[in-house]
Each structure stands twice: as C-alpha cells, then as structure tokens.
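Beneath this line is the structure, given in structure tokens, with notes to follow.
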Amino acid sequence: LAVSCTASNRTFPLGFKFGAATASYQIEGGWNATDKGESIWDRFVHEDPTRIPNNDNGDVACDSYNNWERDVEMAAELGLHFYRFSLSWSRILPTGFNNRISEDGVRYYNSLIDGLLARGIEPFVTLYHWDLPQPVQELSGWTNPLIVDWFADYARVAYALFGDRVKLWLTFNEPVVMCDGAYNTGLIAPGILNPDIGSYMCNKVLLMAHAKAWRIYDEEFKPKYHGKVSLANMWVWIEPATEDDKDLAELALQNLGGRYSHPIYSKEGGWPPGIEEVMAKNSFKKGYSKSQFPAFTKEEKDLVRGTYDFYCLNHYSTRFVRKAKEGETFGPFPIGDDEDIGGIMMLPENREVGASSGSVKYPEGMRRLLVWLKEHYGDIEYVIAENGFSTYAGLEDISRIGYHKDYLEQVLLAINDGVNVTHYTAWSLMDNFQWNDGYTYKFGLYEVDFTDPKRTRTPRQSAYYYASVIAQHSLDVATE
Ligand code: NOJ
C-alpha cells in the first residue's frame with residue numbers, strides 16, 4: 001500500500017514489530033467443514049439465534065476457511081511483521097480430545113502458516129480464543145479441573161504439528177473475559193450464569209491449564225524450536241475518580257488483570273493478596289464457609305509461578321472507579337466484578353467514543369498501564385497483542401487512524417519511560433464476528449462485505465495509514 005511522509009522524528013526502536021490480529025471463530029466460517037467438531041460458539045448461536053443481533057453467527061463469518069490466501073495477501077499489503085490468529089481446537093481435534101487429529105484442520109493451518117512464512121510474515125498463534133469443543137463443555141468445560149490435562153494434550157498436538165514454524169504462542173486470549181464474561185452474565189458462550197462459583201473456578205483452572213501448557217512447551221519443544229509462550233491478558237486501565245479512590249483503583253486493577261498475572265508473574269505467586277482478602281470477607285458475608293476463591297496448594301502455586309516467556313496484553317480503553325455508596329447497585333461491569341471490590345466503574349467523560357459504547361479513546365491509559373505493569377511484573381518483554389477502535393461501516397475511518405496514532409504515541413512514550421515493548425498488534429486485520437454484537441461494529445483495517453458470498457475485503461484509510469507507519473517504522477507519516 002502507498003506510503004507518504006512528513007518531517008519530524010518519532011521512530012520505533014530497531015526490531016520493534018507490527019502486526020494485526022484475528023481469531024478463529026470470528027473469521028473462519030466453515031463451522032462444520034469436513035470433520036470439524038462443534039464448538040461452544042457454534043452451539044451458543046444455533047441453540048438460540050436471538051442471542052446475537054440480527055440472528056447473526058460465525059457460520060460463514062469472513063469465510064477465511066476458504067479465503068486464507070487473501071488474508072495472507074492483506075497481511076503482506078500492510079507489510080506486517082507478524083499475523084496473530086487463533087487455532088480452532090475443534091477444527092484440529094474434532095472430538096475435543098487427542099484420539100483423532102483432523103487432516104483437513106491440519107491442512108488448513110499448515111497452508112495459512114506456510115503462506116505467511118512464504119511472504120516473510122511471522123505466525124503468532126493463540127491456542128484458545130474462546131471456542132471450546134462442545135464435548136469438553138459437556139464435561140463442565142473450564143470449571144472442571146480435568147480440563148487442565150485435556151487442554152495440555154491439545155497444546156502438545158499443536159506444538160508438535162506447527163512448532164517447527166510457529167515461534168510465538170499464546171495459550172489463552174483474555175482469560176478474564178472467558179471466565180467472568182461467561183459466568184457472571186451468561187451472555188457469552190457457554191451461557192452459564194454462575195457468578196458465585198463458576199467464574200472463580202474457571203479463573204484457577206485456566207491458570208493451571210496455562211501453566212501446564214507452558215511447561216510442556218518449555219520442556220519438550222523449546223530445546224528444539226526455541227519459541228516463546230505467554231497468555232494475553234485483557235486490561236482496561238483504571239483511574240481513581242478522586243484522590244480517595246487510589247487504593248480502590250489499585251484493587252480494581254488487581255481484580256481485573258492481577259488475578260491472571262500475579263500468580264504467574266509475581267515473585268511470590270498465588271492470588272493478589274488484596275483480592276484474596278476481599279474475596280474471603282465477601283464469601284463469609286454471603287454465608288459460604290470458605291472463600292469463593294479456590295485456594296492454591298503450595299505445589300499448584302509453584303506450578304503456575306514463572307510460566308511465561310514475555311508479558312502479553314490486550315488494551316483498548318480506560319475506566320474510572322469510585323467507592324460505592326451505601327445501598328448503591330452495581331454494574332453492569334461484569335468483567336473484573338465491581339461488586340466484589342465495592343467500586344463503581346465509570347466511562348471516561350468527554351472523550352471520543354467508538355461505535356460500541358465501551359470503546360472510549362483514552363490514549364494516555366496505554367502508557368500508564370505499561371508503566372504499571374513493569375512496576376508490578378518486572379523489567380521483562382511486553383507484547384501488545386490487541387489495540388483498536390470500533391466504527392460503523394465505511395472506508396473513511398479517520399477516527400481509527402487517530403486512535404492508532406495516539407495510542408502508538410503513548411507506546412513510544414512508555415518505551416522512553418523504560419518499558420521494553422517489542423510488538424504492537426492492531427485489532428483487527430479485517431471486520432469480523434464481534435461476539436455478542438454480531439457484525440454491528442467494525443474493527444477492521446480492511447472492510448469485509450458480509451453481503452457478498454465472496455466476502456470481498458477492501459482496505460480502509462486506516463490500512464493505508466498503518467502500512468505507512470510500518471514501512472517508515474515511525475509515526476512520521478501523513479494521516480490522510
Ligand atoms: C477482545 C477480543 O480478544 C476480540 O475477540 C474482540 O473482538 C476484540 N477485543 C474487540 O472487542
């Protein structure tokens with residue numbers, strides 16, 4: 001794509017990498033192609049189509065199952081250094097278990113990986129982006145501790161199949177959304193409302209599954225393939241509404257991402273202490289005889305601690321938090337439950353808002369978050385695996401350009417502050433199935449025509465802008 005320059009100098013460090021991301025259920029379609037198994041998202045949207053606006057679903061989505069060559073071409077047009085996508089567990093293991101590996105599933109991902117590498121684009125693979133095999137859900141999914149081994153089996157299969165070419169792996173995408181989003185509201189697959197126990201079980205089980213999958217790579221594959229494994233945490237930056245809310249904001253951050261980071265990245269491991277304390281108190285108040293937070297044994301704590309090769313974050317927006325007043329009702333902020341910490345979450349005021357109401361642009365949150373992460377989890381490598389802005393249809397997406405530009409400026413400032421940020425990923429390469437919002441909001445650098453059976457993709461203005469930034473390795477490019 002075309003490149004144009006202006007003067008001044010805001011250059012990224014040598015070796016800094018740019019990419020774009022997608023996820024299997026959101027783009028692939030081919031939901032029952034050949035022997036692919038059913039996933040919880042297939043079941044969720046088919047069982048009750050009214051769950052999604054316009055009865056939309058991911059049956060066809062961007063049809064990347066058939067259009068992957070165009071996807072690779074787009075990644076090349078943008079000049080991406082890497083392309084982040086996820087594997088569909090049930091496309092590779094139709095039963096959910098490792099008794100049968102789908103030839104077609106393997107063929108599909110091999111073609112995509114080889115296609116990317118042929119263009120010099122690194123594959124960055126997420127093992128799990130929310131599409132659990134339905135048979136595994138029927139055995140209680142992420143609330144059954146046995147899934148730790150089933151996920152580990154799947155991870156081993158994926159590493160063995162693709163690890164010779166894939167060097168960057170994520171076990172999970174946004175675990176807090178998977179657990180809190182699913183069990184606190186029942187509004188996303190598997191649609192089970194069980195906020196008191198479900199989301200906390202899921203939290204712990206998922207950490208154990210991550211740890212096991214990380215250790216399998218570390219022991220069995222790293223010596224020959226030399227890759228890296230982490231998980232992508234979802235972070236909203238949280239500001240205190242007033243001076244008095246400073247401790248609460250810290251607690252809110254711990255509740256949102258700390259529950260998935262402290263056990264892995266802190267020196268001592270285990271739950272963030274403040275949250276553990278609050279949760280125990282809340283549980284007794286509710287009449288439970290022990291904390292709703294499932295405790296870690298010493299062995300479990302040790303198993304989870306240190307299971308990372310880098311820190312990975314998805315970041316879009318900021319919230320303010322203030323103490324709840326006596327008798328005040330909470331939410332809905334179902335992720336990082338505000339009721340648990342007695343805080344009311346609020347959207348930033350007087351800021352640009354995208355097509356979805358939560359999509360509030362607050363660029364300085366990116367820098368503050370990165371600095372906070374370094375303070376808490378150390379001077380390690382930081383990878384931004386998602387950042388993006390929602391709009392409605394149309395190729396002229398000036399607001400998306402402004403969003404990426406302003407957030408990237410903050411990334412540069414964080415780098416100047418001494419945070420070792422090495423990768424930036426735009427969400428998304430193209431418009432796709434936006435979960436509960438169906439196809440209403442668009443996040444794509446490329447627009448996808450969902451009325452066209454070919455699912456034609458067309459670059460938006462933001463695609464040209466991003467390509468210029470990548471080509472110049474700098475923000476010194478024209479925004480129009
Ligand atoms: C988070 C998720 O990882 C992705 O699936 C989603 O589409 C985007 N952010 C935008 O909401």
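As shown in the structure tokens, the chain order sets the letters A, B, ...; within each chain, residues go from 1, and ligands are also counted from 1 in the order they appear.
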
Worksheet item: Residues at most 7 Å from ligand 1, using only C-alpha atoms and all ligand atoms? Could they come as a VMD selection string?
Response: chain A and resid 23 173 to 174 386 427 434 to 435

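Backbone DSSP over range 19-158 of chain A gives strand (DSSP E) for Gly19, Ala20, Ala21, Phe82, Tyr83, Arg84, Phe85, Ser86, Glu122, Pro123, Phe124, Val125, Thr126, Leu127 and Tyr128 of chain A.
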
Could you write out the selected residues, including C-alpha atoms, as a CSV table (one decimal), in the first residue's frame?
chain,number,residue,atom,x,y,z
A,19,GLY,CA,1.1,-7.0,13.4
A,20,ALA,CA,-2.6,-7.4,13.2
A,21,ALA,CA,-4.9,-10.0,14.8
A,82,PHE,CA,3.6,-10.9,12.1
A,83,TYR,CA,0.0,-12.0,11.9
A,84,ARG,CA,-1.8,-13.1,15.1
A,85,PHE,CA,-4.5,-15.7,14.6
A,86,SER,CA,-6.0,-18.5,16.7
A,122,GLU,CA,5.7,-14.5,11.3
A,123,PRO,CA,2.7,-16.5,12.5
A,124,PHE,CA,1.8,-15.6,16.1
A,125,VAL,CA,-0.6,-18.3,17.3
A,126,THR,CA,-3.2,-18.3,20.1
A,127,LEU,CA,-4.2,-21.8,21.1
A,128,TYR,CA,-7.5,-20.7,22.6

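In this structure, CA of Ala209 in chain A sits 12.1 Å away from CA of Ser230 in chain A.
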
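Restricting the calculation to only C-alpha atoms, the smallest distance between Thr451 in chain A and any of A:Arg351, A:Tyr439, A:Tyr316, A:Asn99 is found for A:Tyr439.
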
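Nearest residue to Leu412 in chain A among A:Gly378, A:Gly141, A:Pro13, A:Gly358 is A:Pro13, counting only C-alpha atoms.
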
Discussion item. Give me the residues near range 163-166 of chain A as number ranges by chain, where near means some atom within 6 Å (using only C-alpha atoms) and where sequence neighbours in that chain fewer than 3 positions away do not count.
Written reply: A: 123, 159-160, 225

Discussion item. Considering only helix (DSSP H, G or I) as DSSP defines it on the backbone, what residues of range 16-207 of chain A qualify? List them as JSON, numbers by chain.
Written reply: {"A": [24, 25, 26, 27, 40, 41, 42, 43, 44, 45, 46, 47, 49, 50, 51, 53, 54, 55, 64, 65, 66, 67, 68, 69, 70, 71, 72, 73, 74, 75, 76, 77, 78, 89, 90, 91, 92, 103, 104, 105, 106, 107, 108, 109, 110, 111, 112, 113, 114, 115, 116, 117, 118, 134, 135, 136, 137, 141, 142, 143, 147, 148, 149, 150, 151, 152, 153, 154, 155, 156, 157, 158, 159, 160, 161, 162, 175, 176, 177, 178, 179, 180, 181, 182, 183, 184, 185, 198, 199, 200, 201, 202, 203, 204, 205, 206, 207]}

Each residue of range 234-290 of chain A lying at most 7 Å from range 331-350 of chain A should get a row with its shortest atom-to-atom pair and the distance in Å to one decimal, counting only C-alpha atoms; could you produce that, ordered by chain and increasing number, as CSV?
residue,atom,partner,partner_atom,distance
A:Ala252,CA,A:Ile341,CA,6.9
A:Asn255,CA,A:Gly336,CA,5.4
A:Leu256,CA,A:Gly336,CA,4.3
A:Val278,CA,A:Ile341,CA,6.9
A:Met279,CA,A:Asp340,CA,6.9

Worksheet item: What gap, in Å, lies between CA of Lys204 in chain A and CA of Phe320 in chain A?
Response: 27.1 Å

Worksheet entry | Residues within 10 Å of Arg215 in chain A, only C-alpha atoms, excluding chain neighbours under 2 positions, as a PyMOL selection string | chain A and resi 152+209-213+217-222+229+303-304+306-308

Quick one: write out the picked residues with all heavy atoms as a short mmCIF file (atom, residue, chain, number, x, y, z; two decimals), in the first residue's frame?
data_model
loop_
_atom_site.label_atom_id
_atom_site.label_comp_id
_atom_site.auth_asym_id
_atom_site.auth_seq_id
_atom_site.Cartn_x
_atom_site.Cartn_y
_atom_site.Cartn_z
N ALA A 152 -3.86 -29.41 27.86
CA ALA A 152 -2.42 -29.70 27.69
C ALA A 152 -2.21 -30.68 26.53
O ALA A 152 -1.28 -30.53 25.73
CB ALA A 152 -1.85 -30.27 28.99
N ALA A 209 -4.17 -24.67 33.57
CA ALA A 209 -4.07 -25.16 32.18
C ALA A 209 -2.98 -24.40 31.44
O ALA A 209 -2.17 -24.99 30.70
CB ALA A 209 -5.41 -24.99 31.47
N HIS A 210 -2.94 -23.08 31.65
CA HIS A 210 -1.88 -22.29 31.03
C HIS A 210 -0.51 -22.80 31.47
O HIS A 210 0.39 -23.02 30.65
CB HIS A 210 -2.02 -20.80 31.40
CG HIS A 210 -0.75 -20.05 31.21
ND1 HIS A 210 -0.34 -19.61 29.97
CD2 HIS A 210 0.26 -19.74 32.08
CE1 HIS A 210 0.86 -19.04 30.09
NE2 HIS A 210 1.24 -19.11 31.35
N ALA A 211 -0.39 -22.99 32.79
CA ALA A 211 0.91 -23.38 33.35
C ALA A 211 1.36 -24.72 32.76
O ALA A 211 2.52 -24.89 32.37
CB ALA A 211 0.82 -23.47 34.87
N LYS A 212 0.43 -25.64 32.68
CA LYS A 212 0.80 -26.97 32.18
C LYS A 212 1.22 -26.89 30.71
O LYS A 212 2.22 -27.48 30.30
CB LYS A 212 -0.40 -27.91 32.35
CG LYS A 212 -0.09 -29.33 32.06
CD LYS A 212 -0.62 -30.27 33.11
CE LYS A 212 0.09 -31.60 32.96
NZ LYS A 212 -0.67 -32.72 33.50
N ALA A 213 0.44 -26.12 29.93
CA ALA A 213 0.77 -26.00 28.51
C ALA A 213 2.11 -25.27 28.32
O ALA A 213 2.88 -25.61 27.43
CB ALA A 213 -0.34 -25.25 27.77
N TYR A 217 5.64 -26.93 26.59
CA TYR A 217 6.48 -26.30 25.56
C TYR A 217 7.91 -26.18 26.05
O TYR A 217 8.87 -26.52 25.35
CB TYR A 217 5.93 -24.92 25.15
CG TYR A 217 6.67 -24.39 23.95
CD1 TYR A 217 6.26 -24.73 22.66
CD2 TYR A 217 7.82 -23.61 24.11
CE1 TYR A 217 6.97 -24.29 21.55
CE2 TYR A 217 8.54 -23.18 23.00
CZ TYR A 217 8.11 -23.51 21.73
OH TYR A 217 8.82 -23.09 20.63
N ASP A 218 8.02 -25.68 27.27
CA ASP A 218 9.35 -25.41 27.83
C ASP A 218 10.22 -26.67 27.87
O ASP A 218 11.40 -26.63 27.54
CB ASP A 218 9.17 -24.84 29.24
CG ASP A 218 10.39 -24.09 29.71
OD1 ASP A 218 10.81 -23.18 28.99
OD2 ASP A 218 10.92 -24.44 30.78
N GLU A 219 9.59 -27.77 28.26
CA GLU A 219 10.37 -28.99 28.44
C GLU A 219 10.55 -29.78 27.14
O GLU A 219 11.62 -30.28 26.84
CB GLU A 219 9.72 -29.89 29.50
CG GLU A 219 10.01 -29.41 30.91
CD GLU A 219 8.93 -29.80 31.92
OE1 GLU A 219 8.27 -30.85 31.73
OE2 GLU A 219 8.74 -29.03 32.90
N GLU A 220 9.45 -29.89 26.37
CA GLU A 220 9.51 -30.80 25.22
C GLU A 220 9.83 -30.13 23.89
O GLU A 220 10.29 -30.78 22.96
CB GLU A 220 8.16 -31.53 25.07
CG GLU A 220 7.80 -32.37 26.29
CD GLU A 220 6.38 -32.91 26.22
OE1 GLU A 220 5.85 -33.11 25.11
OE2 GLU A 220 5.79 -33.13 27.30
N PHE A 221 9.52 -28.84 23.76
CA PHE A 221 9.64 -28.20 22.44
C PHE A 221 10.65 -27.07 22.38
O PHE A 221 11.30 -26.89 21.36
CB PHE A 221 8.26 -27.71 21.97
CG PHE A 221 7.29 -28.83 21.78
CD1 PHE A 221 6.46 -29.24 22.83
CD2 PHE A 221 7.22 -29.52 20.58
CE1 PHE A 221 5.57 -30.30 22.66
CE2 PHE A 221 6.33 -30.57 20.40
CZ PHE A 221 5.50 -30.96 21.45
N LYS A 222 10.79 -26.35 23.46
CA LYS A 222 11.69 -25.19 23.43
C LYS A 222 13.13 -25.58 23.07
O LYS A 222 13.77 -24.89 22.28
CB LYS A 222 11.66 -24.46 24.78
CG LYS A 222 12.13 -23.03 24.68
CD LYS A 222 11.93 -22.32 26.00
CE LYS A 222 12.03 -20.84 25.82
NZ LYS A 222 11.71 -20.14 27.06
N VAL A 229 6.24 -18.66 24.80
CA VAL A 229 4.82 -18.86 25.12
C VAL A 229 4.40 -17.91 26.25
O VAL A 229 5.13 -17.73 27.22
CB VAL A 229 4.55 -20.32 25.57
CG1 VAL A 229 3.06 -20.55 25.79
CG2 VAL A 229 5.10 -21.33 24.58
N LEU A 303 3.68 -24.47 40.45
CA LEU A 303 3.49 -24.90 39.07
C LEU A 303 3.18 -23.71 38.17
O LEU A 303 3.64 -23.61 37.04
CB LEU A 303 2.34 -25.92 38.98
CG LEU A 303 2.14 -26.51 37.59
CD1 LEU A 303 2.92 -27.81 37.47
CD2 LEU A 303 0.67 -26.75 37.28
N VAL A 304 2.39 -22.78 38.70
CA VAL A 304 1.93 -21.64 37.89
C VAL A 304 2.97 -20.51 37.83
O VAL A 304 3.17 -19.90 36.78
CB VAL A 304 0.58 -21.09 38.46
CG1 VAL A 304 0.16 -19.82 37.73
CG2 VAL A 304 -0.50 -22.15 38.39
N GLY A 306 5.95 -18.20 37.28
CA GLY A 306 7.09 -18.19 36.35
C GLY A 306 6.82 -18.80 34.98
O GLY A 306 7.74 -18.97 34.19
N THR A 307 5.56 -19.12 34.69
CA THR A 307 5.27 -19.78 33.42
C THR A 307 5.04 -18.74 32.30
O THR A 307 3.93 -18.61 31.79
CB THR A 307 4.07 -20.73 33.53
OG1 THR A 307 2.96 -20.00 34.06
CG2 THR A 307 4.37 -21.92 34.40
N TYR A 308 6.08 -18.02 31.98
CA TYR A 308 5.97 -17.03 30.91
C TYR A 308 7.32 -16.85 30.22
O TYR A 308 8.36 -17.10 30.81
CB TYR A 308 5.51 -15.68 31.47
CG TYR A 308 6.51 -15.04 32.41
CD1 TYR A 308 7.55 -14.25 31.93
CD2 TYR A 308 6.44 -15.26 33.79
CE1 TYR A 308 8.48 -13.68 32.79
CE2 TYR A 308 7.36 -14.70 34.65
CZ TYR A 308 8.38 -13.91 34.15
OH TYR A 308 9.31 -13.36 34.99
#

Item to complete: Identify, on the basis of only C-alpha atoms, every residue whose closest approach to Tyr154 in chain A does not exceed 12 Å; exclude the query and any residue fewer than 6 positions from it along the same chain; express the result as JSON, numbers by chain.
Response: {"A": [87, 88, 89, 90, 91, 92, 93, 94, 95, 96, 97, 98, 99, 100, 101, 127, 128, 132, 133, 136, 147, 148, 160, 161, 171, 209, 210, 212, 213, 216, 217]}

For the selection just defined, write its residues with C-alpha atoms to a file, as a PDB file, in the first residue's frame.
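New file result_31.pdb:
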ATOM      1  CA  LEU A  87      -6.433 -22.178  16.150  1.00  0.00           C
ATOM      2  CA  SER A  88      -9.868 -23.689  16.402  1.00  0.00           C
ATOM      3  CA  TRP A  89      -9.435 -26.577  18.839  1.00  0.00           C
ATOM      4  CA  SER A  90     -12.394 -28.436  17.306  1.00  0.00           C
ATOM      5  CA  ARG A  91     -11.072 -27.997  13.772  1.00  0.00           C
ATOM      6  CA  ILE A  92      -7.867 -29.787  14.802  1.00  0.00           C
ATOM      7  CA  LEU A  93      -9.338 -32.245  17.321  1.00  0.00           C
ATOM      8  CA  PRO A  94     -12.954 -32.874  16.230  1.00  0.00           C
ATOM      9  CA  THR A  95     -13.815 -34.815  19.400  1.00  0.00           C
ATOM     10  CA  GLY A  96     -12.059 -32.263  21.603  1.00  0.00           C
ATOM     11  CA  PHE A  97      -9.602 -34.991  22.618  1.00  0.00           C
ATOM     12  CA  ASN A  98      -6.375 -36.210  21.055  1.00  0.00           C
ATOM     13  CA  ASN A  99      -7.741 -39.547  19.849  1.00  0.00           C
ATOM     14  CA  ARG A 100      -8.317 -38.112  16.382  1.00  0.00           C
ATOM     15  CA  ILE A 101      -6.484 -35.335  14.533  1.00  0.00           C
ATOM     16  CA  LEU A 127      -4.222 -21.759  21.120  1.00  0.00           C
ATOM     17  CA  TYR A 128      -7.531 -20.731  22.626  1.00  0.00           C
ATOM     18  CA  LEU A 132     -14.102 -24.677  23.318  1.00  0.00           C
ATOM     19  CA  PRO A 133     -15.100 -28.021  21.770  1.00  0.00           C
ATOM     20  CA  VAL A 136     -15.460 -30.732  26.514  1.00  0.00           C
ATOM     21  CA  ILE A 147      -9.614 -29.861  31.517  1.00  0.00           C
ATOM     22  CA  VAL A 148      -6.087 -28.920  32.529  1.00  0.00           C
ATOM     23  CA  ALA A 160       4.073 -30.842  17.560  1.00  0.00           C
ATOM     24  CA  LEU A 161       2.211 -30.003  14.351  1.00  0.00           C
ATOM     25  CA  THR A 171      -2.187 -20.208  25.457  1.00  0.00           C
ATOM     26  CA  ALA A 209      -4.073 -25.155  32.183  1.00  0.00           C
ATOM     27  CA  HIS A 210      -1.877 -22.287  31.027  1.00  0.00           C
ATOM     28  CA  LYS A 212       0.800 -26.972  32.178  1.00  0.00           C
ATOM     29  CA  ALA A 213       0.771 -25.997  28.506  1.00  0.00           C
ATOM     30  CA  ILE A 216       5.065 -28.770  28.064  1.00  0.00           C
ATOM     31  CA  TYR A 217       6.475 -26.303  25.559  1.00  0.00           C
TER      32      TYR A 217
END

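Going from CA of Gly79 in chain A to CA of Val469 in chain A covers 9.6 Å.
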
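Summary of the local environment: counting only C-alpha atoms, residues at most 9 Å from Leu369 in chain A, other than itself and those fewer than 3 positions away along its chain, are Trp235, Val236, Trp237, Ile238, His315, Glu364, Gly365, Met366, Trp372, Leu373 and Lys374 of chain A.
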
Discussion item. Restricting the calculation to only C-alpha atoms: of A:Met201, A:Leu146, A:Leu80, A:Ala75, which residue gets closest to Lys17 in chain A?
Written reply: A:Leu80

Discussion item. So that I can see what lies close to range 29-39 of chain A, please list as a ChimeraX atom specification the residues with an atom at most 7 Å from it, counting only C-alpha atoms and leaving out residues fewer than 3 positions away in the same chain.
Written reply: /A:25,42-43,58-65,90-91,94-95,102,131-134

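Nearest-residue note for Phe443 in chain A: choosing from A:Lys323, A:His404, A:Arg455, A:Lys286, the minimum distance belongs to A:His404, counting only C-alpha atoms.
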
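Minimum atom-to-atom distance to Gly287 in chain A, evaluated using only C-alpha atoms, belongs to A:Asp196 out of A:Asp196, A:Phe12, A:Ile52, A:Tyr403.
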
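Minimum atom-to-atom distance to His376 in chain A, evaluated using only C-alpha atoms, belongs to A:Glu250 out of A:Asp153, A:Asp417, A:Glu277, A:Glu250.
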